[in-house]
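Peer 1: So I've got this file, work_29.txt, and it contains compact mmCIF, C-alpha atoms:
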```txt
# COMPACT_ATOMS: atom_id res chain seq x y z
CA MET A 1 -32.91 -1.53 -54.86
CA VAL A 2 -30.15 -3.88 -56.06
CA TYR A 3 -27.93 -0.88 -56.68
CA LEU A 4 -28.51 0.44 -53.18
CA THR A 5 -27.79 -2.96 -51.68
CA ARG A 6 -24.51 -3.24 -53.59
CA ALA A 7 -23.56 0.31 -52.63
CA PHE A 8 -24.28 -0.38 -48.97
CA SER A 9 -22.26 -3.61 -49.10
CA LYS A 10 -19.32 -1.74 -50.63
CA LEU A 11 -19.58 0.96 -47.97
CA VAL A 12 -19.54 -1.66 -45.20
CA LYS A 13 -16.46 -3.29 -46.73
CA LEU A 14 -14.71 0.05 -46.97
CA SER A 15 -15.58 0.84 -43.36
CA LEU A 16 -14.32 -2.52 -42.17
CA THR A 17 -11.11 -2.07 -44.13
CA ALA A 18 -10.62 1.40 -42.63
CA CYS A 19 -11.23 0.04 -39.12
CA LEU A 20 -8.75 -2.78 -39.74
CA PHE A 21 -6.04 -0.36 -40.92
CA SER A 22 -6.82 1.91 -37.97
CA TRP A 23 -6.51 -0.99 -35.53
CA LEU A 24 -3.28 -2.20 -37.12
CA SER A 25 -1.88 1.33 -36.96
CA LEU A 26 -2.83 1.63 -33.29
CA ALA A 27 -1.36 -1.78 -32.50
CA THR A 28 1.85 -0.85 -34.30
CA THR A 29 2.05 2.48 -32.46
CA THR A 30 1.42 0.78 -29.10
CA ALA A 31 4.02 -1.89 -29.78
CA SER A 32 6.49 0.76 -30.85
CA ALA A 33 5.83 2.77 -27.69
CA GLN A 34 6.48 -0.31 -25.55
CA THR A 35 9.64 -1.15 -27.49
CA ASN A 36 10.96 2.40 -27.19
CA TYR A 37 9.97 2.77 -23.53
CA PRO A 38 10.94 5.02 -21.92
CA ASN A 39 11.24 7.99 -24.26
CA LYS A 40 10.43 10.71 -21.72
CA PRO A 41 10.95 11.35 -17.98
CA ILE A 42 9.29 9.02 -15.45
CA LYS A 43 7.52 10.32 -12.36
CA LEU A 44 7.84 8.48 -9.03
CA ILE A 45 5.18 9.67 -6.56
CA VAL A 46 5.85 9.40 -2.81
CA GLY A 47 3.05 9.67 -0.28
CA PHE A 48 5.18 11.18 2.46
CA ALA A 49 7.09 14.42 3.06
CA PRO A 50 10.69 14.97 1.89
CA GLY A 51 13.35 13.73 4.26
CA GLY A 52 11.52 10.69 5.60
CA GLY A 53 12.44 7.04 5.10
CA SER A 54 10.19 6.51 2.08
CA ASP A 55 11.41 9.69 0.43
CA LEU A 56 15.07 8.80 0.95
CA ILE A 57 14.61 5.34 -0.59
CA ALA A 58 12.69 6.84 -3.51
CA ARG A 59 15.41 9.38 -4.25
CA LEU A 60 18.17 6.82 -3.89
CA VAL A 61 16.47 4.47 -6.36
CA ALA A 62 15.50 7.28 -8.73
CA ALA A 63 19.08 8.55 -8.95
CA LYS A 64 20.34 5.08 -9.93
CA LEU A 65 17.38 4.06 -12.08
CA GLY A 66 17.48 7.08 -14.40
CA PRO A 67 20.85 6.23 -15.99
CA VAL A 68 19.84 2.56 -16.40
CA LEU A 69 16.63 3.47 -18.25
CA GLY A 70 18.14 6.41 -20.14
CA GLN A 71 15.53 8.86 -18.84
CA PRO A 72 15.37 10.90 -15.63
CA VAL A 73 13.18 9.56 -12.80
CA ILE A 74 11.64 12.52 -10.98
CA VAL A 75 10.47 12.12 -7.37
CA GLU A 76 7.27 13.97 -6.54
CA ASN A 77 6.07 14.20 -2.92
CA LYS A 78 2.32 14.21 -2.23
CA PRO A 79 1.99 13.72 1.54
CA GLY A 80 -1.25 13.29 3.42
CA ALA A 81 -3.85 10.74 4.58
CA GLY A 82 -1.29 8.02 5.25
CA GLY A 83 -0.11 8.03 1.64
CA ASN A 84 -3.62 7.62 0.22
CA ILE A 85 -3.62 10.96 -1.63
CA ALA A 86 -0.48 9.99 -3.53
CA ALA A 87 -1.71 6.45 -4.15
CA GLU A 88 -4.96 7.67 -5.69
CA LEU A 89 -3.14 10.16 -7.88
CA ALA A 90 -0.70 7.52 -9.09
CA LEU A 91 -3.17 4.68 -9.61
CA LYS A 92 -5.59 6.87 -11.56
CA SER A 93 -2.85 8.03 -13.96
CA PRO A 94 -2.42 6.57 -17.47
CA ALA A 95 -1.13 2.99 -17.37
CA ASP A 96 1.85 3.71 -19.61
CA GLY A 97 4.73 3.22 -17.18
CA TYR A 98 5.50 6.93 -16.83
CA THR A 99 3.81 7.31 -13.44
CA LEU A 100 5.00 5.08 -10.61
CA PHE A 101 4.17 4.97 -6.90
CA LEU A 102 6.57 4.33 -4.01
CA SER A 103 4.58 1.86 -1.93
CA ALA A 104 5.44 1.34 1.74
CA ALA A 105 4.12 -1.38 4.05
CA SER A 106 1.46 1.09 5.18
CA TYR A 107 -0.15 0.77 1.72
CA THR A 108 -1.38 -2.70 2.69
CA VAL A 109 -2.70 -1.47 6.06
CA ASN A 110 -4.72 1.48 4.74
CA PRO A 111 -7.63 -0.56 3.32
CA SER A 112 -8.35 -1.73 6.87
CA PHE A 113 -8.89 1.83 8.11
CA TYR A 114 -9.93 4.02 5.17
CA LYS A 115 -12.72 3.92 2.63
CA LEU A 116 -10.51 4.20 -0.42
CA PRO A 117 -11.52 5.38 -3.91
CA PHE A 118 -9.50 2.51 -5.39
CA ASP A 119 -8.93 -1.20 -4.82
CA SER A 120 -5.44 -1.52 -3.33
CA GLY A 121 -5.03 -5.14 -4.37
CA ASN A 122 -6.46 -5.00 -7.88
CA ASP A 123 -6.20 -1.42 -9.21
CA MET A 124 -2.44 -1.61 -9.56
CA THR A 125 0.38 -3.27 -11.46
CA PRO A 126 3.14 -4.65 -9.20
CA ILE A 127 6.55 -3.57 -10.46
CA ALA A 128 9.27 -4.38 -7.93
CA LEU A 129 10.02 -4.82 -4.26
CA LEU A 130 12.92 -2.58 -3.26
CA ALA A 131 13.97 -3.31 0.30
CA ARG A 132 12.82 -4.89 3.52
CA GLY A 133 13.92 -4.92 7.14
CA PRO A 134 12.74 -5.32 10.72
CA PHE A 135 11.12 -3.13 13.29
CA ILE A 136 13.02 -2.87 16.57
CA ILE A 137 10.91 -3.48 19.66
CA ALA A 138 12.44 -0.89 21.97
CA ALA A 139 11.58 0.02 25.55
CA THR A 140 12.10 3.08 27.69
CA LYS A 141 15.29 2.51 29.70
CA ASN A 142 13.49 2.50 33.07
CA LEU A 143 11.03 -0.25 32.15
CA PRO A 144 11.66 -3.21 34.49
CA ALA A 145 12.02 -5.60 31.58
CA ASN A 146 15.13 -6.41 29.56
CA THR A 147 13.71 -9.16 27.37
CA LEU A 148 10.52 -9.71 25.43
CA GLN A 149 9.53 -12.49 27.82
CA GLU A 150 9.88 -10.11 30.79
CA LEU A 151 7.75 -7.50 28.99
CA VAL A 152 5.02 -10.07 28.41
CA ALA A 153 5.14 -11.11 32.07
CA LEU A 154 4.71 -7.49 33.16
CA ALA A 155 1.83 -6.94 30.73
CA LYS A 156 0.03 -10.08 31.87
CA ALA A 157 0.45 -9.18 35.53
CA SER A 158 -0.98 -5.67 34.96
CA PRO A 159 -3.29 -5.65 31.89
CA GLY A 160 -3.61 -2.21 30.30
CA LYS A 161 -0.92 -0.64 32.48
CA TYR A 162 1.88 -0.60 29.91
CA SER A 163 1.65 1.41 26.71
CA PHE A 164 3.09 1.55 23.21
CA ALA A 165 3.66 4.62 21.06
CA THR A 166 3.07 4.83 17.32
CA SER A 167 3.19 7.43 14.56
CA GLY A 168 -0.61 7.42 14.46
CA GLN A 169 -3.79 5.39 14.30
CA GLY A 170 -3.90 3.06 11.34
CA SER A 171 -0.11 2.98 10.99
CA ILE A 172 1.94 -0.10 10.18
CA THR A 173 3.61 0.21 13.60
CA GLN A 174 0.21 0.05 15.31
CA MET A 175 -0.61 -3.10 13.37
CA ALA A 176 2.77 -4.66 14.15
CA THR A 177 2.22 -4.04 17.87
CA GLU A 178 -1.42 -5.12 17.86
CA TYR A 179 -0.34 -8.30 16.12
CA PHE A 180 2.10 -8.92 18.97
CA ASN A 181 -0.64 -8.16 21.50
CA GLU A 182 -2.74 -10.87 19.88
CA THR A 183 0.14 -13.32 19.48
CA ALA A 184 1.34 -12.98 23.10
CA GLY A 185 -2.12 -12.64 24.62
CA ILE A 186 -1.43 -9.27 26.24
CA ASN A 187 -2.97 -5.81 26.15
CA LEU A 188 -0.45 -3.02 25.67
CA LEU A 189 -2.26 0.32 25.52
CA HIS A 190 -2.02 2.24 22.24
CA ILE A 191 -0.86 5.88 22.44
CA PRO A 192 -0.95 7.39 18.92
CA TYR A 193 1.15 10.41 17.99
CA LYS A 194 1.27 12.68 14.96
CA GLY A 195 4.46 11.27 13.56
CA THR A 196 7.40 9.05 14.47
CA SER A 197 9.54 11.76 16.06
CA PRO A 198 7.17 12.67 18.93
CA ALA A 199 6.42 8.99 19.52
CA LEU A 200 10.11 8.26 19.96
CA THR A 201 10.66 11.37 22.08
CA ASP A 202 7.97 10.38 24.56
CA THR A 203 9.22 6.80 24.73
CA VAL A 204 12.73 8.03 25.49
CA ALA A 205 11.25 10.31 28.18
CA GLY A 206 9.34 7.39 29.70
CA HIS A 207 5.86 8.74 28.97
CA THR A 208 5.22 5.56 26.97
CA ASP A 209 6.83 2.18 27.54
CA ILE A 210 7.33 0.49 24.17
CA ILE A 211 7.72 1.40 20.52
CA PHE A 212 8.04 -0.75 17.44
CA GLY A 213 10.43 1.56 15.61
CA THR A 214 12.15 1.52 12.24
CA VAL A 215 15.83 0.73 12.27
CA ALA A 216 16.82 4.14 10.88
CA SER A 217 15.01 6.07 13.59
CA THR A 218 15.42 3.72 16.55
CA LEU A 219 18.90 2.20 16.25
CA PRO A 220 20.75 5.46 17.11
CA LEU A 221 18.70 5.80 20.32
CA VAL A 222 19.50 2.21 21.25
CA GLY A 223 23.16 2.85 20.51
CA THR A 224 23.29 5.79 22.92
CA GLY A 225 21.41 3.92 25.64
CA GLN A 226 18.33 6.12 25.49
CA LEU A 227 16.22 3.09 24.57
CA LYS A 228 16.83 -0.62 25.07
CA ALA A 229 16.14 -3.14 22.33
CA LEU A 230 14.16 -6.22 23.32
CA ALA A 231 13.74 -7.94 19.94
CA VAL A 232 13.46 -7.47 16.18
CA THR A 233 10.42 -8.47 14.16
CA THR A 234 12.00 -10.35 11.24
CA PRO A 235 13.11 -14.02 11.21
CA LYS A 236 16.79 -13.01 11.13
CA ARG A 237 18.64 -10.88 13.63
CA LEU A 238 19.78 -7.40 12.71
CA ALA A 239 23.50 -7.27 11.92
CA ALA A 240 23.84 -3.99 13.84
CA LEU A 241 22.30 -5.63 16.94
CA PRO A 242 23.68 -9.19 16.87
CA ASN A 243 22.84 -9.85 20.53
CA VAL A 244 19.20 -8.84 20.22
CA PRO A 245 16.99 -11.85 19.46
CA THR A 246 14.11 -12.05 17.04
CA VAL A 247 10.51 -12.30 18.26
CA MET A 248 10.52 -15.85 16.90
CA GLU A 249 13.55 -16.73 19.03
CA SER A 250 11.85 -15.14 22.04
CA GLY A 251 9.12 -17.75 22.10
CA TYR A 252 6.68 -16.64 19.39
CA PRO A 253 7.57 -18.66 16.27
CA SER A 254 4.53 -17.53 14.29
CA TYR A 255 5.28 -13.82 14.63
CA GLU A 256 6.91 -11.98 11.75
CA VAL A 257 6.46 -8.41 10.51
CA THR A 258 8.61 -6.83 7.83
CA ASN A 259 8.98 -3.16 7.03
CA TRP A 260 9.26 -2.90 3.25
CA HIS A 261 9.15 -0.53 0.29
CA GLY A 262 8.30 -1.27 -3.32
CA ILE A 263 7.12 0.30 -6.56
CA ILE A 264 3.71 -0.17 -8.15
CA ALA A 265 1.97 1.44 -11.12
CA PRO A 266 -1.62 1.87 -12.37
CA LYS A 267 -3.52 -1.23 -13.42
CA GLY A 268 -2.97 -2.23 -17.03
CA VAL A 269 0.68 -1.33 -17.58
CA PRO A 270 1.84 -3.43 -20.57
CA ALA A 271 3.72 -6.58 -19.61
CA ALA A 272 6.77 -5.51 -21.62
CA VAL A 273 7.00 -2.22 -19.71
CA GLN A 274 6.41 -3.97 -16.39
CA ASP A 275 9.18 -6.46 -17.15
CA LYS A 276 11.62 -3.77 -18.28
CA LEU A 277 11.06 -1.72 -15.13
CA ASN A 278 11.42 -4.77 -12.89
CA LYS A 279 14.70 -5.82 -14.48
CA ALA A 280 16.09 -2.27 -14.37
CA ILE A 281 15.17 -1.84 -10.69
CA ASN A 282 16.61 -5.23 -9.76
CA GLN A 283 19.82 -4.21 -11.53
CA VAL A 284 19.92 -1.02 -9.47
CA LEU A 285 19.44 -3.00 -6.25
CA GLN A 286 22.65 -4.91 -6.99
CA ASP A 287 24.67 -1.70 -7.05
CA PRO A 288 27.28 -1.86 -4.21
CA GLU A 289 26.58 1.73 -3.16
CA MET A 290 22.86 0.99 -3.00
CA GLU A 291 23.41 -2.13 -0.91
CA LYS A 292 25.71 -0.22 1.46
CA THR A 293 23.20 2.60 1.94
CA LEU A 294 20.31 0.22 2.56
CA THR A 295 22.37 -1.85 5.00
CA SER A 296 23.24 1.25 7.00
CA ASP A 297 19.49 1.75 7.54
CA GLY A 298 18.99 -1.88 8.53
CA LEU A 299 17.39 -2.77 5.20
CA THR A 300 18.15 -5.48 2.69
CA ALA A 301 17.71 -5.19 -1.07
CA ALA A 302 14.89 -7.43 -2.23
CA ALA A 303 15.00 -8.36 -5.91
CA ILE A 304 11.91 -10.41 -6.77
CA SER A 305 9.59 -10.76 -9.77
CA PRO A 306 6.46 -8.63 -10.27
CA GLU A 307 4.33 -11.74 -9.72
CA GLU A 308 5.98 -12.44 -6.37
CA PHE A 309 5.56 -8.81 -5.33
CA GLY A 310 1.89 -8.94 -6.28
CA VAL A 311 1.38 -12.01 -4.08
CA LEU A 312 3.08 -10.19 -1.18
CA LEU A 313 0.90 -7.11 -1.57
CA ARG A 314 -2.38 -8.99 -1.65
CA SER A 315 -1.46 -11.35 1.18
CA GLU A 316 -0.48 -8.41 3.42
CA ILE A 317 -3.74 -6.59 2.63
CA ALA A 318 -5.68 -9.71 3.65
CA ARG A 319 -3.55 -10.24 6.75
CA TRP A 320 -3.99 -6.75 8.17
CA GLY A 321 -7.66 -6.70 7.26
CA ALA A 322 -8.22 -9.87 9.29
CA LEU A 323 -6.27 -8.45 12.25
CA ALA A 324 -8.18 -5.17 12.23
CA LYS A 325 -11.45 -7.09 12.24
CA SER A 326 -10.46 -9.54 14.97
CA ARG A 327 -9.27 -6.75 17.28
CA GLY A 328 -12.00 -4.26 16.40
CA LEU A 329 -9.50 -1.63 15.20
CA SER A 330 -10.61 1.60 13.55
CA ILE A 331 -9.61 5.24 13.23
CA LYS A 332 -11.58 7.20 15.80
```
As structure tokens, what does this structure read like?

Peer 2:
Amino acid sequence: MVYLTRAFSKLVKLSLTACLFSWLSLATTTASAQTNYPNKPIKLIVGFAPGGGSDLIARLVAAKLGPVLGQPVIVENKPGAGGNIAAELALKSPADGYTLFLSAASYTVNPSFYKLPFDSGNDMTPIALLARGPFIIAATKNLPANTLQELVALAKASPGKYSFATSGQGSITQMATEYFNETAGINLLHIPYKGTSPALTDTVAGHTDIIFGTVASTLPLVGTGQLKALAVTTPKRLAALPNVPTVMESGYPSYEVTNWHGIIAPKGVPAAVQDKLNKAINQVLQDPEMEKTLTSDGLTAAAISPEEFGVLLRSEIARWGALAKSRGLSIK
């Protein structure tokens, strides 16, 4: 019996020693992988089709980021369900820094409208904010209002008569407009379309009255007089439209909506990898060519820390969730 007890004790010690060496080996391998990151191509998943605003930003960043990191950054488009298909694919990938997701402002709106197979605020690692800019509140040229105040007066005089176009139900542009409805105490009627292009086309034609459009898609139509700009949704005026006031300047100091893009990764990406990606991306954002390209689309490079980006993401998710609840919004 004593012999067996000693043998068992020796076996336990050997097992513990083997486990310790195994753990140390794994820790060393993991640390080495983080130190040598990246040592293979990185995939950047985009939830929208090629050629759109999100795709263009992703490709612009990828082209500059690859040389900085020493590995190619490959853009992969997975459109559908408002970007949710791509988000699920990205967030359920290994948390090793080799799969990233191009997050747009719509990412923080989706939890208000969809039953998602992931937690948007917690099942991710914030990496970097890329760019931000305003929406242009534009009106059909025949609308008898040339300022935001005049639009509000019309809407209050005839509740439900005037309409706004969006790229679809549950879109960030719907939320931006509904937020203005609530802020101004009016009731513009929502007309959802299947995409930004038809929404803009019908606003130009006068079938709808208002659109909260991105700078890239709306500014050219304002420039040619096909639409008239009433305001922009950020605290600062748009350099390309210096005479167009902000919503804040138009009498609604609490109103602000920013159109932004950023990069997130699956939950659990090592801090060293997260930090390396953030610093590399922020370096890319300082590139003069990058700044020029973003400025031409009415966007501003936004170099902030992962922690600050995480706060932004979670606060926006909470904000839009509260708005959807207060206004009874849903996808029908």

Peer 1: Compile the contact shell of region 148-152 of chain A as a list of chain:residue names: residues with an atom at most 7 Å away, counting all atoms listed in the file, same-chain residues fewer than 4 positions apart removed.

Peer 2: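 Neighbouring residues, sequence-local ones excluded: A:Lys156, A:Ile186, A:Leu230, A:Ala231, A:Ser250.
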
Peer 1: Go ahead and find all residues with at least one atom no further than 12 Å from (17.3, -13.3, 9.6) in the file's coordinates, using all atoms listed in the file; report them as a PyMOL selection string.

Peer 2: chain A and resi 132-134+232-239+241-242+244-249+256-258+298-300

Peer 1: Could you name the residues that touch Ala62 (chain A) at 9 Å or less, counting only C-alpha atoms, but leaving out those on the same chain fewer than 2 positions away, as a CSV table (one decimal) with C-alpha atoms, in the coordinates of the input?

Peer 2:
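Final output, saved to around-v6.csv:
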```csv
chain,number,residue,atom,x,y,z
A,44,LEU,CA,7.8,8.5,-9.0
A,57,ILE,CA,14.6,5.3,-0.6
A,58,ALA,CA,12.7,6.8,-3.5
A,59,ARG,CA,15.4,9.4,-4.2
A,60,LEU,CA,18.2,6.8,-3.9
A,64,LYS,CA,20.3,5.1,-9.9
A,65,LEU,CA,17.4,4.1,-12.1
A,66,GLY,CA,17.5,7.1,-14.4
A,72,PRO,CA,15.4,10.9,-15.6
A,73,VAL,CA,13.2,9.6,-12.8
A,74,ILE,CA,11.6,12.5,-11.0
A,75,VAL,CA,10.5,12.1,-7.4
```

Peer 1: What's the 7 Å shell around Ala49 (chain A), counting only C-alpha atoms, without same-chain residues fewer than 5 positions away, as a list in words?

Peer 2: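 My reading of the contact set: Asp55, Asn77 and Pro79 of chain A.
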
Peer 1: If I take CA of Ile281 (chain A) and CA of Gly83 (chain A), how far is one from the other in Å, to one decimal?

Peer 2: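 Value for the CA of Ile281 (chain A)-CA of Gly83 (chain A) distance: 22.0 Å.
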
Peer 1: Suppose you want the space between CA of Asn39 (chain A) and CA of Gln283 (chain A); what is it in Å?

Peer 2: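 Rounded to one decimal, the two atoms are 19.6 Å apart.
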
Peer 1: For CA of Lys292 (chain A) and CA of Ile136 (chain A), determine how far apart the two atoms are, in Å to one decimal place.

Peer 2: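 Rounded to one decimal, the two atoms are 19.9 Å apart.
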
Peer 1: Within 10 Å of Ala240 (chain A), counting all atoms listed in the file, which residues qualify if same-chain residues fewer than 4 places away don't, as a list in words?

Peer 2: Val215, Leu219, Gly223, Val244, Thr295, Ser296, Asp297 and Gly298 of chain A

Peer 1: Can you write region 246-259 of chain A from the block above with N, CA and C atoms, as an mmCIF file, in the first residue's frame?

Peer 2:
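In the end it all went to decode35.cif:
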```
data_model
loop_
_atom_site.group_PDB
_atom_site.id
_atom_site.type_symbol
_atom_site.label_atom_id
_atom_site.label_comp_id
_atom_site.auth_asym_id
_atom_site.auth_seq_id
_atom_site.Cartn_x
_atom_site.Cartn_y
_atom_site.Cartn_z
ATOM 1 N N THR A 246 -25.509 74.557 -38.883
ATOM 2 C CA THR A 246 -25.711 73.281 -38.222
ATOM 3 C C THR A 246 -27.122 73.255 -37.627
ATOM 4 N N VAL A 247 -27.578 72.059 -37.254
ATOM 5 C CA VAL A 247 -28.876 71.949 -36.573
ATOM 6 C C VAL A 247 -28.813 72.693 -35.247
ATOM 7 N N MET A 248 -27.673 72.613 -34.578
ATOM 8 C CA MET A 248 -27.507 73.318 -33.308
ATOM 9 C C MET A 248 -27.695 74.819 -33.482
ATOM 10 N N GLU A 249 -27.086 75.361 -34.536
ATOM 11 C CA GLU A 249 -27.198 76.796 -34.810
ATOM 12 C C GLU A 249 -28.615 77.182 -35.220
ATOM 13 N N SER A 250 -29.374 76.211 -35.689
ATOM 14 C CA SER A 250 -30.728 76.482 -36.179
ATOM 15 C C SER A 250 -31.777 76.450 -35.068
ATOM 16 N N GLY A 251 -31.318 76.343 -33.827
ATOM 17 C CA GLY A 251 -32.255 76.428 -32.720
ATOM 18 C C GLY A 251 -32.448 75.149 -31.930
ATOM 19 N N TYR A 252 -31.614 74.128 -32.209
ATOM 20 C CA TYR A 252 -31.766 72.848 -31.512
ATOM 21 C C TYR A 252 -30.403 72.416 -30.956
ATOM 22 N N PRO A 253 -29.970 73.078 -29.878
ATOM 23 C CA PRO A 253 -28.610 72.881 -29.353
ATOM 24 C C PRO A 253 -28.303 71.479 -28.857
ATOM 25 N N SER A 254 -29.317 70.678 -28.590
ATOM 26 C CA SER A 254 -29.059 69.325 -28.093
ATOM 27 C C SER A 254 -28.914 68.303 -29.216
ATOM 28 N N TYR A 255 -29.172 68.734 -30.445
ATOM 29 C CA TYR A 255 -29.177 67.762 -31.562
ATOM 30 C C TYR A 255 -27.789 67.620 -32.185
ATOM 31 N N GLU A 256 -27.342 66.384 -32.259
ATOM 32 C CA GLU A 256 -26.084 66.073 -32.945
ATOM 33 C C GLU A 256 -26.122 64.617 -33.397
ATOM 34 N N VAL A 257 -25.843 64.378 -34.665
ATOM 35 C CA VAL A 257 -25.707 63.021 -35.185
ATOM 36 C C VAL A 257 -24.498 62.996 -36.106
ATOM 37 N N THR A 258 -23.631 62.039 -35.885
ATOM 38 C CA THR A 258 -22.418 61.916 -36.687
ATOM 39 C C THR A 258 -22.444 60.615 -37.473
ATOM 40 N N ASN A 259 -22.071 60.710 -38.722
ATOM 41 C CA ASN A 259 -21.891 59.530 -39.562
ATOM 42 C C ASN A 259 -20.430 59.110 -39.433
#
```
